[in-house]
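See below for the structure under consideration.
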Amino acid sequence: MAVENKTPAIPSSRHVALSPTEVAASMSLARKLLVTATVIFLNFNVTLGSSLPSGASSTLNSHFGVTSEFQKPLPVAIFLVGYVFGPLVFAPLSESWGRRPVFLVSFSVYTAFTLGCALAPNWPTFLFFRFMLGCGAAAPQTVSGGLFCDIYPDLRPRGMAVTLLGLTSNVGPLVGPIISGFSSTVNWRWQFWYALILAGVNWPLLLSIPETFAPAINARSQETAGVEAGRPPVKHVATTPRALGFGSRAMILTRPIQMLSEPIVLFTDIFILYQYVIFFLYFGAYPVIFKGTYALSDGISALMFIPTGIGAVLAIVIFVAWDRFHKKSAEQGKTWALKEEYRRLPLACLGGPLFALSEFWLGWAARPGVHWAIPALSGIPLGIGIDLTFLALNNYLTDAYGIYSASALASSVFTRNAVAAIVIPLATHSLYETLGTAWACSVLGFLCLALTPIPFVFVRWGPAMRKRSPFCRKLASIKEGGGDADGAENDGMAHFFSFEKQ
């Protein structure tokens, strides 16, 4: 039972009444573009850091005396462990304290431990710093979706912002090994000095972005108005953690895990989880394939990721073309185009088979009698496939869960990184050494084929799933004026909202 007090409840987003200059959605286009570019660059920085050590593994392992095949993938795997814990904290807190404080705190952690990695004196310390680096890197992956919901009420510009965010999520890890592969051939620390320089460039932009979460803006506006009127300042749950009781904090921090009970979230997580694990597993597999089969150097073998980046760019072209086609069809009143599931999901229906194709291609083309460029080109359908799937399903989650999409995305980040952190050290070397390149890639391809029906199922039964979802029903009620976040406790939905009933 909630304890009564005289602190006014924070209004839900339905009740927020702000001047045009205070509402995130009313910002000028130039301001929105600056915020979007800042967050996308931030995401590029932190995703680049995820795979950075993989391009200089020889120098790094030699310096720390690492000879175990199990330990060699740990710098990437431990980073992903940090990705597991970061979203559980940052995403729900962004729906309580606001987006800006979470971005600032998380990137401060990322910057500090990037420096720590460069100065690490031994292997255990280095791995601990990589873990903390992953924790600090988690916010852009999960909070950005909510921020884009704040500033882009229209689904189309929001979709494009999420698309570009997804592009950097996949291109960033591809650039990391290339930077380290050429910069750290003699001194392994240089890779982190370059990452620190990029972080320094990002900081002035990050400090310039405003708060965008409407309840947090409104709470602070009321607090300022009270001070100007001579009343004592009132702290709200959206502005200070001290206003939250233990139960409210627990509900906030466990919301991403609770959202796994949503079928849409769960099966989206499973599909993205598989492709994500394979994507990061390849940072260990590509050196095995291209250095082992073709005797390429660290830097040159890292360049084999370029076709995957090209595929990612082509995925954006396909995404934009589909978006325009869908918009034109909707304007013409075609029935299929008016269904929400057809806005994004057909792209995932294409992405899954392309991803599977890339795995069979790589496996059976990588052999001494075939030129190295042929297996390298398998990265093009890989990049197209993973980007189309990632963009389509993440956009679908963002559209379905609205301003609380940060927790939906956090559940995805949590599951895929938890599994990836376990699978990568155990599977990378043993899988390819035991089965060989051809059959190792084939096994992965068959697994992908087994998962490709998921977006097709969403297209067919997605509307029914959303109608049965109590969370989606509550959000629809709020939009229609039939409910609010503060009253959610009355129908069992309190665990989805961060505001404590007063």
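Chain identifiers are assigned as A, B, and so on, following the order in which chains appear in the structure tokens; residues are numbered from 1 within each chain, and ligands are numbered from 1 in order of appearance.
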Inset, instruction - Find the residues around segment 419-429 of chain A up to 10 Å (only C-alpha atoms counted), leave out those fewer than 6 positions away in its own chain, and share them as a PyMOL selection string. - result: chain A and resi 69-84+273-274+276-286+288+440
Those selected residues, please, written with N, CA and C atoms and delivered as a PDB file, in the first residue's frame.
ATOM      1  N   GLU A  69      43.446 -20.791 -25.365  1.00  0.00           N
ATOM      2  CA  GLU A  69      42.477 -20.465 -26.403  1.00  0.00           C
ATOM      3  C   GLU A  69      41.162 -19.993 -25.793  1.00  0.00           C
ATOM      4  N   PHE A  70      40.871 -20.448 -24.589  1.00  0.00           N
ATOM      5  CA  PHE A  70      39.653 -19.996 -23.906  1.00  0.00           C
ATOM      6  C   PHE A  70      39.750 -18.527 -23.506  1.00  0.00           C
ATOM      7  N   GLN A  71      40.929 -18.079 -23.089  1.00  0.00           N
ATOM      8  CA  GLN A  71      41.075 -16.703 -22.599  1.00  0.00           C
ATOM      9  C   GLN A  71      41.229 -15.672 -23.714  1.00  0.00           C
ATOM     10  N   LYS A  72      41.664 -16.095 -24.874  1.00  0.00           N
ATOM     11  CA  LYS A  72      41.912 -15.125 -25.950  1.00  0.00           C
ATOM     12  C   LYS A  72      40.677 -14.317 -26.358  1.00  0.00           C
ATOM     13  N   PRO A  73      39.477 -14.921 -26.396  1.00  0.00           N
ATOM     14  CA  PRO A  73      38.293 -14.114 -26.750  1.00  0.00           C
ATOM     15  C   PRO A  73      37.731 -13.296 -25.592  1.00  0.00           C
ATOM     16  N   LEU A  74      38.299 -13.405 -24.382  1.00  0.00           N
ATOM     17  CA  LEU A  74      37.704 -12.774 -23.209  1.00  0.00           C
ATOM     18  C   LEU A  74      37.603 -11.254 -23.270  1.00  0.00           C
ATOM     19  N   PRO A  75      38.544 -10.513 -23.889  1.00  0.00           N
ATOM     20  CA  PRO A  75      38.358  -9.056 -23.928  1.00  0.00           C
ATOM     21  C   PRO A  75      37.049  -8.617 -24.580  1.00  0.00           C
ATOM     22  N   VAL A  76      36.607  -9.348 -25.611  1.00  0.00           N
ATOM     23  CA  VAL A  76      35.310  -9.038 -26.222  1.00  0.00           C
ATOM     24  C   VAL A  76      34.181  -9.600 -25.373  1.00  0.00           C
ATOM     25  N   ALA A  77      34.321 -10.841 -24.909  1.00  0.00           N
ATOM     26  CA  ALA A  77      33.252 -11.483 -24.140  1.00  0.00           C
ATOM     27  C   ALA A  77      32.974 -10.755 -22.825  1.00  0.00           C
ATOM     28  N   ILE A  78      34.018 -10.327 -22.131  1.00  0.00           N
ATOM     29  CA  ILE A  78      33.831  -9.625 -20.854  1.00  0.00           C
ATOM     30  C   ILE A  78      33.156  -8.274 -21.074  1.00  0.00           C
ATOM     31  N   PHE A  79      33.479  -7.607 -22.167  1.00  0.00           N
ATOM     32  CA  PHE A  79      32.795  -6.364 -22.523  1.00  0.00           C
ATOM     33  C   PHE A  79      31.296  -6.621 -22.645  1.00  0.00           C
ATOM     34  N   LEU A  80      30.920  -7.733 -23.278  1.00  0.00           N
ATOM     35  CA  LEU A  80      29.509  -8.063 -23.455  1.00  0.00           C
ATOM     36  C   LEU A  80      28.831  -8.399 -22.134  1.00  0.00           C
ATOM     37  N   VAL A  81      29.596  -8.914 -21.166  1.00  0.00           N
ATOM     38  CA  VAL A  81      29.040  -9.125 -19.824  1.00  0.00           C
ATOM     39  C   VAL A  81      28.626  -7.777 -19.225  1.00  0.00           C
ATOM     40  N   GLY A  82      29.451  -6.759 -19.443  1.00  0.00           N
ATOM     41  CA  GLY A  82      29.086  -5.417 -18.993  1.00  0.00           C
ATOM     42  C   GLY A  82      27.825  -4.925 -19.670  1.00  0.00           C
ATOM     43  N   TYR A  83      27.668  -5.277 -20.931  1.00  0.00           N
ATOM     44  CA  TYR A  83      26.448  -4.945 -21.664  1.00  0.00           C
ATOM     45  C   TYR A  83      25.215  -5.580 -21.020  1.00  0.00           C
ATOM     46  N   VAL A  84      25.398  -6.697 -20.323  1.00  0.00           N
ATOM     47  CA  VAL A  84      24.275  -7.366 -19.662  1.00  0.00           C
ATOM     48  C   VAL A  84      23.752  -6.516 -18.512  1.00  0.00           C
ATOM     49  N   LEU A 273      19.102 -12.217 -30.834  1.00  0.00           N
ATOM     50  CA  LEU A 273      20.132 -12.876 -30.038  1.00  0.00           C
ATOM     51  C   LEU A 273      21.009 -13.770 -30.907  1.00  0.00           C
ATOM     52  N   TYR A 274      20.394 -14.602 -31.718  1.00  0.00           N
ATOM     53  CA  TYR A 274      21.163 -15.526 -32.560  1.00  0.00           C
ATOM     54  C   TYR A 274      22.094 -14.753 -33.495  1.00  0.00           C
ATOM     55  N   TYR A 276      23.165 -11.733 -33.329  1.00  0.00           N
ATOM     56  CA  TYR A 276      24.140 -10.944 -32.575  1.00  0.00           C
ATOM     57  C   TYR A 276      25.303 -11.813 -32.103  1.00  0.00           C
ATOM     58  N   VAL A 277      24.975 -13.007 -31.593  1.00  0.00           N
ATOM     59  CA  VAL A 277      26.023 -13.920 -31.136  1.00  0.00           C
ATOM     60  C   VAL A 277      26.942 -14.295 -32.290  1.00  0.00           C
ATOM     61  N   ILE A 278      26.370 -14.606 -33.451  1.00  0.00           N
ATOM     62  CA  ILE A 278      27.176 -14.975 -34.615  1.00  0.00           C
ATOM     63  C   ILE A 278      28.032 -13.797 -35.068  1.00  0.00           C
ATOM     64  N   PHE A 279      27.441 -12.605 -35.041  1.00  0.00           N
ATOM     65  CA  PHE A 279      28.166 -11.397 -35.459  1.00  0.00           C
ATOM     66  C   PHE A 279      29.432 -11.224 -34.625  1.00  0.00           C
ATOM     67  N   PHE A 280      29.318 -11.371 -33.303  1.00  0.00           N
ATOM     68  CA  PHE A 280      30.493 -11.195 -32.451  1.00  0.00           C
ATOM     69  C   PHE A 280      31.384 -12.428 -32.447  1.00  0.00           C
ATOM     70  N   LEU A 281      30.809 -13.590 -32.676  1.00  0.00           N
ATOM     71  CA  LEU A 281      31.636 -14.780 -32.793  1.00  0.00           C
ATOM     72  C   LEU A 281      32.591 -14.671 -33.982  1.00  0.00           C
ATOM     73  N   TYR A 282      32.161 -13.973 -35.022  1.00  0.00           N
ATOM     74  CA  TYR A 282      32.985 -13.806 -36.212  1.00  0.00           C
ATOM     75  C   TYR A 282      34.249 -12.990 -35.955  1.00  0.00           C
ATOM     76  N   PHE A 283      34.241 -12.168 -34.897  1.00  0.00           N
ATOM     77  CA  PHE A 283      35.468 -11.416 -34.591  1.00  0.00           C
ATOM     78  C   PHE A 283      36.578 -12.345 -34.131  1.00  0.00           C
ATOM     79  N   GLY A 284      36.193 -13.514 -33.627  1.00  0.00           N
ATOM     80  CA  GLY A 284      37.190 -14.536 -33.319  1.00  0.00           C
ATOM     81  C   GLY A 284      37.369 -15.507 -34.463  1.00  0.00           C
ATOM     82  N   ALA A 285      36.298 -15.746 -35.243  1.00  0.00           N
ATOM     83  CA  ALA A 285      36.347 -16.724 -36.326  1.00  0.00           C
ATOM     84  C   ALA A 285      37.092 -16.196 -37.554  1.00  0.00           C
ATOM     85  N   TYR A 286      36.947 -14.920 -37.872  1.00  0.00           N
ATOM     86  CA  TYR A 286      37.611 -14.378 -39.065  1.00  0.00           C
ATOM     87  C   TYR A 286      39.132 -14.530 -38.999  1.00  0.00           C
ATOM     88  N   VAL A 288      40.723 -16.876 -37.444  1.00  0.00           N
ATOM     89  CA  VAL A 288      40.958 -18.311 -37.656  1.00  0.00           C
ATOM     90  C   VAL A 288      40.864 -18.648 -39.131  1.00  0.00           C
ATOM     91  N   ALA A 440      31.233 -25.900 -39.558  1.00  0.00           N
ATOM     92  CA  ALA A 440      30.917 -24.968 -38.474  1.00  0.00           C
ATOM     93  C   ALA A 440      29.962 -23.884 -38.967  1.00  0.00           C
TER      94      ALA A 440
END
Inset, instruction - Within 8 Å of segment 58-68 of chain A, counting only C-alpha atoms, which residues show up once you throw out same-chain ones fewer than 5 positions away? Write them as a PyMOL selection string, please. - result: chain A and resi 53+122-123+184-188+298
Could those selected residues go to a file with N, CA and C atoms, as a CSV table (one decimal), in the first residue's frame?
chain,number,residue,atom,x,y,z
A,53,PRO,N,39.7,-4.8,-29.2
A,53,PRO,CA,40.9,-5.7,-29.0
A,53,PRO,C,41.1,-6.8,-30.0
A,122,ASN,N,48.1,-5.4,-15.8
A,122,ASN,CA,48.1,-6.9,-15.9
A,122,ASN,C,46.7,-7.4,-16.5
A,123,TRP,N,46.7,-8.7,-16.8
A,123,TRP,CA,45.5,-9.2,-17.5
A,123,TRP,C,44.2,-9.2,-16.7
A,184,SER,N,48.0,-0.9,-33.5
A,184,SER,CA,48.6,-1.6,-32.4
A,184,SER,C,49.4,-2.8,-32.7
A,185,THR,N,50.1,-2.8,-33.8
A,185,THR,CA,50.9,-3.9,-34.2
A,185,THR,C,52.2,-4.0,-33.4
A,186,VAL,N,52.6,-2.9,-32.8
A,186,VAL,CA,53.8,-2.9,-32.0
A,186,VAL,C,53.4,-2.6,-30.5
A,187,ASN,N,52.6,-1.6,-30.3
A,187,ASN,CA,52.2,-1.3,-28.9
A,187,ASN,C,50.7,-1.4,-28.8
A,188,TRP,N,50.2,-2.3,-28.0
A,188,TRP,CA,48.8,-2.6,-28.0
A,188,TRP,C,48.0,-1.5,-27.4
A,298,ASP,N,47.3,-9.4,-39.1
A,298,ASP,CA,46.2,-8.9,-38.3
A,298,ASP,C,45.4,-7.8,-39.0
Inset, instruction - Quick one: everything within 8 Å of Gly383 of chain A, counting only C-alpha atoms, minus sequence neighbours fewer than 2 positions away in the same chain. Send it as a list in words. - result: Pro307, Thr308, Gly309, Ile310, Gly311, Ala312, Ala315, Phe355, Gly379, Ile380, Pro381, Gly385, Ile386 and Asp387 of chain A
Legend entry - Contacts of Thr268 of chain A within 8 Å, only C-alpha atoms, excl. fewer than 5 positions in-chain, as a ChimeraX atom specification: /A:393,412,454
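Distance-wise, atom CA of Val175 of chain A and atom CA of Phe305 of chain A end up 8.1 Å apart.
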Legend entry - Distance query Gly98 of chain A at most 9 Å, only C-alpha atoms, self and fewer than 5 positions along chain excluded, as a ChimeraX atom specification: /A:93,211-217,238-239
Same residues, all heavy atoms, output as a PDB file, in the first residue's frame:
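Contents of out-v8.pdb, freshly written:
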ATOM      1  N   LEU A  93      16.107   3.611 -15.523  1.00  0.00           N
ATOM      2  CA  LEU A  93      16.361   4.895 -14.869  1.00  0.00           C
ATOM      3  C   LEU A  93      16.154   6.062 -15.831  1.00  0.00           C
ATOM      4  O   LEU A  93      15.807   7.163 -15.401  1.00  0.00           O
ATOM      5  CB  LEU A  93      17.776   4.928 -14.286  1.00  0.00           C
ATOM      6  CG  LEU A  93      18.009   4.039 -13.058  1.00  0.00           C
ATOM      7  CD1 LEU A  93      19.426   4.217 -12.528  1.00  0.00           C
ATOM      8  CD2 LEU A  93      17.000   4.330 -11.960  1.00  0.00           C
ATOM      9  N   GLU A 211      17.424  17.755 -21.951  1.00  0.00           N
ATOM     10  CA  GLU A 211      16.568  16.653 -21.510  1.00  0.00           C
ATOM     11  C   GLU A 211      15.397  16.529 -22.485  1.00  0.00           C
ATOM     12  O   GLU A 211      14.893  17.534 -22.996  1.00  0.00           O
ATOM     13  CB  GLU A 211      16.051  16.917 -20.097  1.00  0.00           C
ATOM     14  CG  GLU A 211      15.142  15.825 -19.544  1.00  0.00           C
ATOM     15  CD  GLU A 211      15.825  14.473 -19.583  1.00  0.00           C
ATOM     16  OE1 GLU A 211      16.808  14.277 -18.837  1.00  0.00           O
ATOM     17  OE2 GLU A 211      15.391  13.620 -20.378  1.00  0.00           O
ATOM     18  N   THR A 212      14.962  15.304 -22.763  1.00  0.00           N
ATOM     19  CA  THR A 212      13.878  15.086 -23.716  1.00  0.00           C
ATOM     20  C   THR A 212      12.694  14.339 -23.131  1.00  0.00           C
ATOM     21  O   THR A 212      11.625  14.322 -23.743  1.00  0.00           O
ATOM     22  CB  THR A 212      14.385  14.288 -24.940  1.00  0.00           C
ATOM     23  OG1 THR A 212      14.808  12.987 -24.515  1.00  0.00           O
ATOM     24  CG2 THR A 212      15.540  15.008 -25.617  1.00  0.00           C
ATOM     25  N   PHE A 213      12.844  13.717 -21.959  1.00  0.00           N
ATOM     26  CA  PHE A 213      11.770  12.917 -21.386  1.00  0.00           C
ATOM     27  C   PHE A 213      10.747  13.846 -20.746  1.00  0.00           C
ATOM     28  O   PHE A 213      11.038  14.534 -19.760  1.00  0.00           O
ATOM     29  CB  PHE A 213      12.347  11.946 -20.364  1.00  0.00           C
ATOM     30  CG  PHE A 213      11.371  10.912 -19.876  1.00  0.00           C
ATOM     31  CD1 PHE A 213      10.631  10.150 -20.762  1.00  0.00           C
ATOM     32  CD2 PHE A 213      11.216  10.693 -18.518  1.00  0.00           C
ATOM     33  CE1 PHE A 213       9.742   9.191 -20.310  1.00  0.00           C
ATOM     34  CE2 PHE A 213      10.334   9.730 -18.047  1.00  0.00           C
ATOM     35  CZ  PHE A 213       9.588   8.977 -18.958  1.00  0.00           C
ATOM     36  N   ALA A 214       9.529  13.880 -21.277  1.00  0.00           N
ATOM     37  CA  ALA A 214       8.539  14.884 -20.894  1.00  0.00           C
ATOM     38  C   ALA A 214       8.225  14.909 -19.400  1.00  0.00           C
ATOM     39  O   ALA A 214       8.177  15.993 -18.807  1.00  0.00           O
ATOM     40  CB  ALA A 214       7.259  14.682 -21.714  1.00  0.00           C
ATOM     41  N   PRO A 215       7.994  13.771 -18.728  1.00  0.00           N
ATOM     42  CA  PRO A 215       7.734  13.858 -17.284  1.00  0.00           C
ATOM     43  C   PRO A 215       8.885  14.458 -16.489  1.00  0.00           C
ATOM     44  O   PRO A 215       8.666  15.175 -15.513  1.00  0.00           O
ATOM     45  CB  PRO A 215       7.492  12.388 -16.894  1.00  0.00           C
ATOM     46  CG  PRO A 215       7.001  11.744 -18.147  1.00  0.00           C
ATOM     47  CD  PRO A 215       7.776  12.411 -19.249  1.00  0.00           C
ATOM     48  N   ALA A 216      10.123  14.168 -16.891  1.00  0.00           N
ATOM     49  CA  ALA A 216      11.273  14.741 -16.187  1.00  0.00           C
ATOM     50  C   ALA A 216      11.341  16.241 -16.419  1.00  0.00           C
ATOM     51  O   ALA A 216      11.613  17.021 -15.500  1.00  0.00           O
ATOM     52  CB  ALA A 216      12.562  14.078 -16.663  1.00  0.00           C
ATOM     53  N   ILE A 217      11.085  16.670 -17.675  1.00  0.00           N
ATOM     54  CA  ILE A 217      11.086  18.107 -17.977  1.00  0.00           C
ATOM     55  C   ILE A 217      10.000  18.812 -17.177  1.00  0.00           C
ATOM     56  O   ILE A 217      10.219  19.876 -16.588  1.00  0.00           O
ATOM     57  CB  ILE A 217      10.865  18.337 -19.489  1.00  0.00           C
ATOM     58  CG1 ILE A 217      11.995  17.719 -20.301  1.00  0.00           C
ATOM     59  CG2 ILE A 217      10.736  19.822 -19.789  1.00  0.00           C
ATOM     60  CD1 ILE A 217      11.757  17.748 -21.799  1.00  0.00           C
ATOM     61  N   ALA A 238      11.017  11.794 -10.936  1.00  0.00           N
ATOM     62  CA  ALA A 238      11.726  11.899 -12.207  1.00  0.00           C
ATOM     63  C   ALA A 238      12.959  12.752 -12.103  1.00  0.00           C
ATOM     64  O   ALA A 238      13.671  12.951 -13.063  1.00  0.00           O
ATOM     65  CB  ALA A 238      10.803  12.481 -13.276  1.00  0.00           C
ATOM     66  N   THR A 239      13.223  13.332 -10.913  1.00  0.00           N
ATOM     67  CA  THR A 239      14.392  14.184 -10.800  1.00  0.00           C
ATOM     68  C   THR A 239      15.373  13.737  -9.735  1.00  0.00           C
ATOM     69  O   THR A 239      16.497  14.204  -9.706  1.00  0.00           O
ATOM     70  CB  THR A 239      13.959  15.637 -10.476  1.00  0.00           C
ATOM     71  OG1 THR A 239      13.210  15.631  -9.263  1.00  0.00           O
ATOM     72  CG2 THR A 239      13.132  16.221 -11.584  1.00  0.00           C
TER      73      THR A 239
END
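Taking atom CA of Leu354 of chain A and atom CA of Arg156 of chain A as the two end points, the separation is 25.0 Å.
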Legend entry - Point-to-point distance in Å for atom CA of Gly172 of chain A and atom CA of Arg343 of chain A: 26.4 Å
